[in-house]
Amino acid sequence: MMANYLLEIGLEEMPAHLVTPAINQLAERLSDFLNENRLNFDLIRKFSTPRRLAVLVEGLAESSEAMDEEVKGPSAKIAKDAEGNWSKAIQGFSRGQGLTPDDLVLKGDYYFANKHIAGVAAQEILAKVGTEVISKMQFKTYMKWGNNSFLFVRPIQWMVSLLDAEVVPFELLDVTAGNTTRGHRFLSNQEFTIEKATDYAQLLNTNFVMVDARARKAEISKQIKEIATEHGWKVELADEKHVELLEEVNNLVEYPTAFVGSFNEKYLSVPEEVLVTSMRDNQRYFEVYTAEGKLASHFISVRNGNAEGMENVILGNEKVLVARLEDAEFFWKEDQKLKIADLVKKLENVTFHAKIGSITEHMARTKAIAAHLADIAQLTETEKADVARAADIYKFDLLTGMVGEFDELQGVMGEKYALLAGENANVAAAIREHYMPVSAEGELPSTVVGSVLAAADKIDSILSFFSVGLIPSGSNDPYALRRAAQGLTRIIEKYNWHFDFSDFIATLDYANKEQVIDFLKGRVQKLLLDKKIRHDIVEATIAADTMDIASMMEVAPMLNGHKDDAQFKPAVENISRVINLAKKADHVGTVSSELFENDAEAVLYEVTEELEAGWASLSASEKYDTLVSKVVPAINTFFEKVMVMAEDEKVRNNRLALLSDLSSLTGTMADFSLINTK
């Protein structure tokens with residue numbers, strides 16, 4: 001007969017961003033615990049609010065599975081002494097298995113212990129949940145309370161441990177798990193009893209706690225959409241920012257009630273981005289737009305409670321927002337009195353990092369790198385001038401009052417103030433876009449000028465921090481260099497900028513450049529693996545002779561797309577054979593057609609020469625098609641008719657040189673010898 005087990009941890013309010021990771025971890029740890037103890041179950045349902053983490057295990061077995069186990073022991077040679085008595089080795093082994101030596105079974109040359117492990121009652125196993133599951137949970141931030149050494153995300157107030165209708169008690173500190181829980185802090189804060197585990201969600205709901213996070217989020221969305229429809233507004237809930245906002249708001253409330261607030265229309269003269277930042281990022285409000293798509297002087301927020309006393313709630317929220325909007329309006333007016341040149345000059349006294357230097361120095365290095373990238377990107381002279389101008393000023397907004405108050409608006413305000421100061425649109429856009437992407441999968445710069453500046457800024461940041469030994473290790477990456485490297489890779493991929501990054505940074509004055517190359521390869525590898533490309537193909541691509549990021553991002557998906565083709569395996573094996581032989585070609589000189597003894601040599605030479613002439617201009621797909629259609633047949637014929645390791649040293653070296661030239665060409669794509677064809 002199957003049972004249901006409820007586990008609830010009641011807490012002081014958790015920060016919103018910790019709630020979802022915490023409940024996911026609890027469910028995963030409990031699942032692992034049950035599996036390790038062979039206690040079968042059907043599924044685990046998750047419940048969470050800022051005050052509680054709970055799981056309901058459905059279809060739980062009454063006891064763990066019984067198990068027959070065979071354990072290998074000492075060999076027969078050492079099992080008995082000269083008198084035929086059991087040795088200490090065999091006695092110790094049998095004792096450790098809870099048996100006597102006479103219980104052991106001889107199989108071949110070894111003794112074995114055959115054990116029957118009986119099932120353990122679910123109650124006995126679940127009594128260990130406190131020490132084996134809850135106390136082992138890990139968080140980004142911890143609290144300890146009283147004089148206890150125990151650490152948890154927030155102080156534990158109560159716990160529920162209920163197998164169907166039976167309490168399975170355990171203790172953590174001075175809290176004993178039972179069958180009593182609490183409702184909403186303000187609407188129903190009394191303790192009440194849960195009679196059966198399966199009553200949990202419904203019982204909490206009657207006490208003003210929507211404990212199912214998914215249902216609660218759906219209810220919030222529904223209420224917001226109903227308000228928007230009623231007023232003829234548009235509300236965005238589907239984009240990345242609002243998905244994150246909805247998740248955060250959902251983890252701030254137990255019983256949601258959405259409401260509308262307003263602010264004076266005069267504040268609409270302040271840039272929309274400032275108003276949205278004040279509402280969405282600072283106050284967790286949802287901004288609303290008119291049917292025509294213009295920002296309205298209203299907002300939608302969500303209260304943790306019912307509609308009672310809502311007038312005071314609305315007034316309080318409006319008052320807090322207006323204070324922020326007053327600041328924003330003030331800074332907007334005051335910042336327009338400042339001159340960009342004056343702000344740029346002051347950046348000389350602003351530290352980029354104590355070990356690296358000032359922001360002015362960072363901008364100068366970025367400008368030099370951007371000039372090189374502009375050539376690679378084949379920018380027009382006008383675009384190059386725009387890149388240079390943007391690089392001269394792109395950090396000036398850090399010293400404006402608005403960015404000082406709302407640091408989320410770095411770059412955004414730079415663009416607006418630059419336009420007001422008469423800078424052209426490309427320069428202004430580059431100032432905003434140089435921060436992009438702001439997250440791993442965030443939006444990329446939309447202008448080529450902004451993309452060049454963004455890439456250059458990231459290159460200098462990575463090189464500068466590595467140069468002074470501030471290198472990410474493990475999960476530690478305080479300067480977000482992994483994100484910068486991933487953003488750089490995505491920008492290069494978007495614009496298909498082909499260049500050898502190793503050569504690009506070779507002349508730059510930074511230390512630890514080899515570590516930077518390895519670091520970037522790691523980011524490229526992650527992006528390729530995220531695209532579900534086979535691991536060996538990724539490894540082969542990363543091992544290419546040139547650090548051409550755009551090529552890597554193009555070659556790996558292309559090869560992965562051909563991996564099941566009939567021609568793929570023989571092509572890879574033939575090219576791999578060329579690569580392996582070419583490794584023996586050190587100091588063999590150049591190819592001489594006069595030393596050819598076979599037409600197959602001449603054909604492979606001609607194919608290689610023809611390939612070399614236009615190889616760099618071919619796309620990854622064109623290179624692969626050429627290899628399959630022209631090169632591989634020539635290789636096949638070559639190996640059929642030619643003995644590479646000829647006795648004549650000159651002939652042998654000539655053939656090795658030919659294979660080396662071909663290997664060098666294919667090596668710019670990938671190291672094909674690393675691709676698994678078995």
# chains A, B, ... in the order shown; residues from 1 in each chain; ligands from 1

call {"tool": "select_by_dssp", "arguments": {"residues": "range 590-671 of chain A", "states": "helix (DSSP H, G or I)", "output": "ChimeraX atom specification"}}
result
/A:593-595,599-617,620-641,649-667

call {"tool": "residues_around", "arguments": {"residues": "range 488-492 of chain A", "least_positions_apart": "4", "cutoff": "8 Å", "atoms": "only C-alpha atoms", "output": "PyMOL selection string"}}
result
chain A and resi 444-445+451+454-455+458-459+484+496-497+523-524+549-550

call {"tool": "closest_residue", "arguments": {"among": "A:Leu325, A:Ala258, A:Leu56, A:Ala585", "to": "Asn306 in chain A", "atoms": "only C-alpha atoms"}}
result
A:Ala258

call {"tool": "select_by_dssp", "arguments": {"residues": "range 141-300 of chain A", "states": "strand (DSSP E or B)", "output": "ChimeraX atom specification"}}
result
/A:143,152,156-163,166-167,171-172,175-176,178,180-182,191-193,234,256-262,286-289,295-300

call {"tool": "write_last_selection", "arguments": {"atoms": "C-alpha atoms", "output": "PDB file, in the first residue's frame"}}
result
ATOM      1  CA  MET A 143      21.896  32.936   9.196  1.00  0.00           C
ATOM      2  CA  PHE A 152      20.312  27.871   7.583  1.00  0.00           C
ATOM      3  CA  ILE A 156      13.458  27.816  11.447  1.00  0.00           C
ATOM      4  CA  GLN A 157      10.192  28.535  13.266  1.00  0.00           C
ATOM      5  CA  TRP A 158       8.299  25.251  12.876  1.00  0.00           C
ATOM      6  CA  MET A 159       8.432  21.949  10.973  1.00  0.00           C
ATOM      7  CA  VAL A 160       5.850  19.459   9.767  1.00  0.00           C
ATOM      8  CA  SER A 161       6.681  15.770   9.169  1.00  0.00           C
ATOM      9  CA  LEU A 162       3.579  13.758   8.394  1.00  0.00           C
ATOM     10  CA  LEU A 163       3.253  10.288   6.872  1.00  0.00           C
ATOM     11  CA  GLU A 166       1.000   9.871  11.421  1.00  0.00           C
ATOM     12  CA  VAL A 167       3.630  12.276  12.715  1.00  0.00           C
ATOM     13  CA  GLU A 171      14.435  17.539  15.918  1.00  0.00           C
ATOM     14  CA  LEU A 172      16.591  20.381  14.665  1.00  0.00           C
ATOM     15  CA  VAL A 175      12.248  22.634  16.983  1.00  0.00           C
ATOM     16  CA  THR A 176      10.447  19.297  16.851  1.00  0.00           C
ATOM     17  CA  GLY A 178       4.960  17.678  14.181  1.00  0.00           C
ATOM     18  CA  THR A 180       0.954  21.899  13.135  1.00  0.00           C
ATOM     19  CA  THR A 181       1.593  24.759  10.726  1.00  0.00           C
ATOM     20  CA  ARG A 182       0.683  28.435  10.421  1.00  0.00           C
ATOM     21  CA  GLU A 191      -1.357  27.488  14.528  1.00  0.00           C
ATOM     22  CA  PHE A 192      -3.577  24.718  13.174  1.00  0.00           C
ATOM     23  CA  THR A 193      -3.309  20.976  12.724  1.00  0.00           C
ATOM     24  CA  LYS A 234      -0.930  47.103 -22.129  1.00  0.00           C
ATOM     25  CA  PRO A 256      -1.508  38.033  -3.688  1.00  0.00           C
ATOM     26  CA  THR A 257      -3.839  40.919  -4.450  1.00  0.00           C
ATOM     27  CA  ALA A 258      -2.932  43.203  -7.353  1.00  0.00           C
ATOM     28  CA  PHE A 259      -3.774  46.908  -7.260  1.00  0.00           C
ATOM     29  CA  VAL A 260      -3.305  50.105  -9.264  1.00  0.00           C
ATOM     30  CA  GLY A 261      -1.290  53.134  -8.209  1.00  0.00           C
ATOM     31  CA  SER A 262      -0.704  56.452  -9.979  1.00  0.00           C
ATOM     32  CA  PHE A 286       4.696  46.571 -13.243  1.00  0.00           C
ATOM     33  CA  GLU A 287       4.706  49.610 -15.537  1.00  0.00           C
ATOM     34  CA  VAL A 288       1.714  50.048 -17.838  1.00  0.00           C
ATOM     35  CA  TYR A 289       1.304  51.492 -21.322  1.00  0.00           C
ATOM     36  CA  LEU A 295       4.033  54.927 -20.828  1.00  0.00           C
ATOM     37  CA  ALA A 296       1.073  55.753 -18.570  1.00  0.00           C
ATOM     38  CA  SER A 297       1.252  57.562 -15.237  1.00  0.00           C
ATOM     39  CA  HIS A 298       0.098  54.426 -13.425  1.00  0.00           C
ATOM     40  CA  PHE A 299       1.565  51.178 -12.148  1.00  0.00           C
ATOM     41  CA  ILE A 300       0.348  47.788 -10.981  1.00  0.00           C
TER      42      ILE A 300
END

call {"tool": "residues_around", "arguments": {"residues": "Gly130 in chain A", "least_positions_apart": "3", "cutoff": "8 Å", "atoms": "only C-alpha atoms", "output": "ChimeraX atom specification"}}
result
/A:127,133-135,170-172

call {"tool": "closest_residue", "arguments": {"among": "A:Gly404, A:Gly450, A:Pro437, A:Gly73", "to": "Ala391 in chain A", "atoms": "only C-alpha atoms"}}
result
A:Gly450
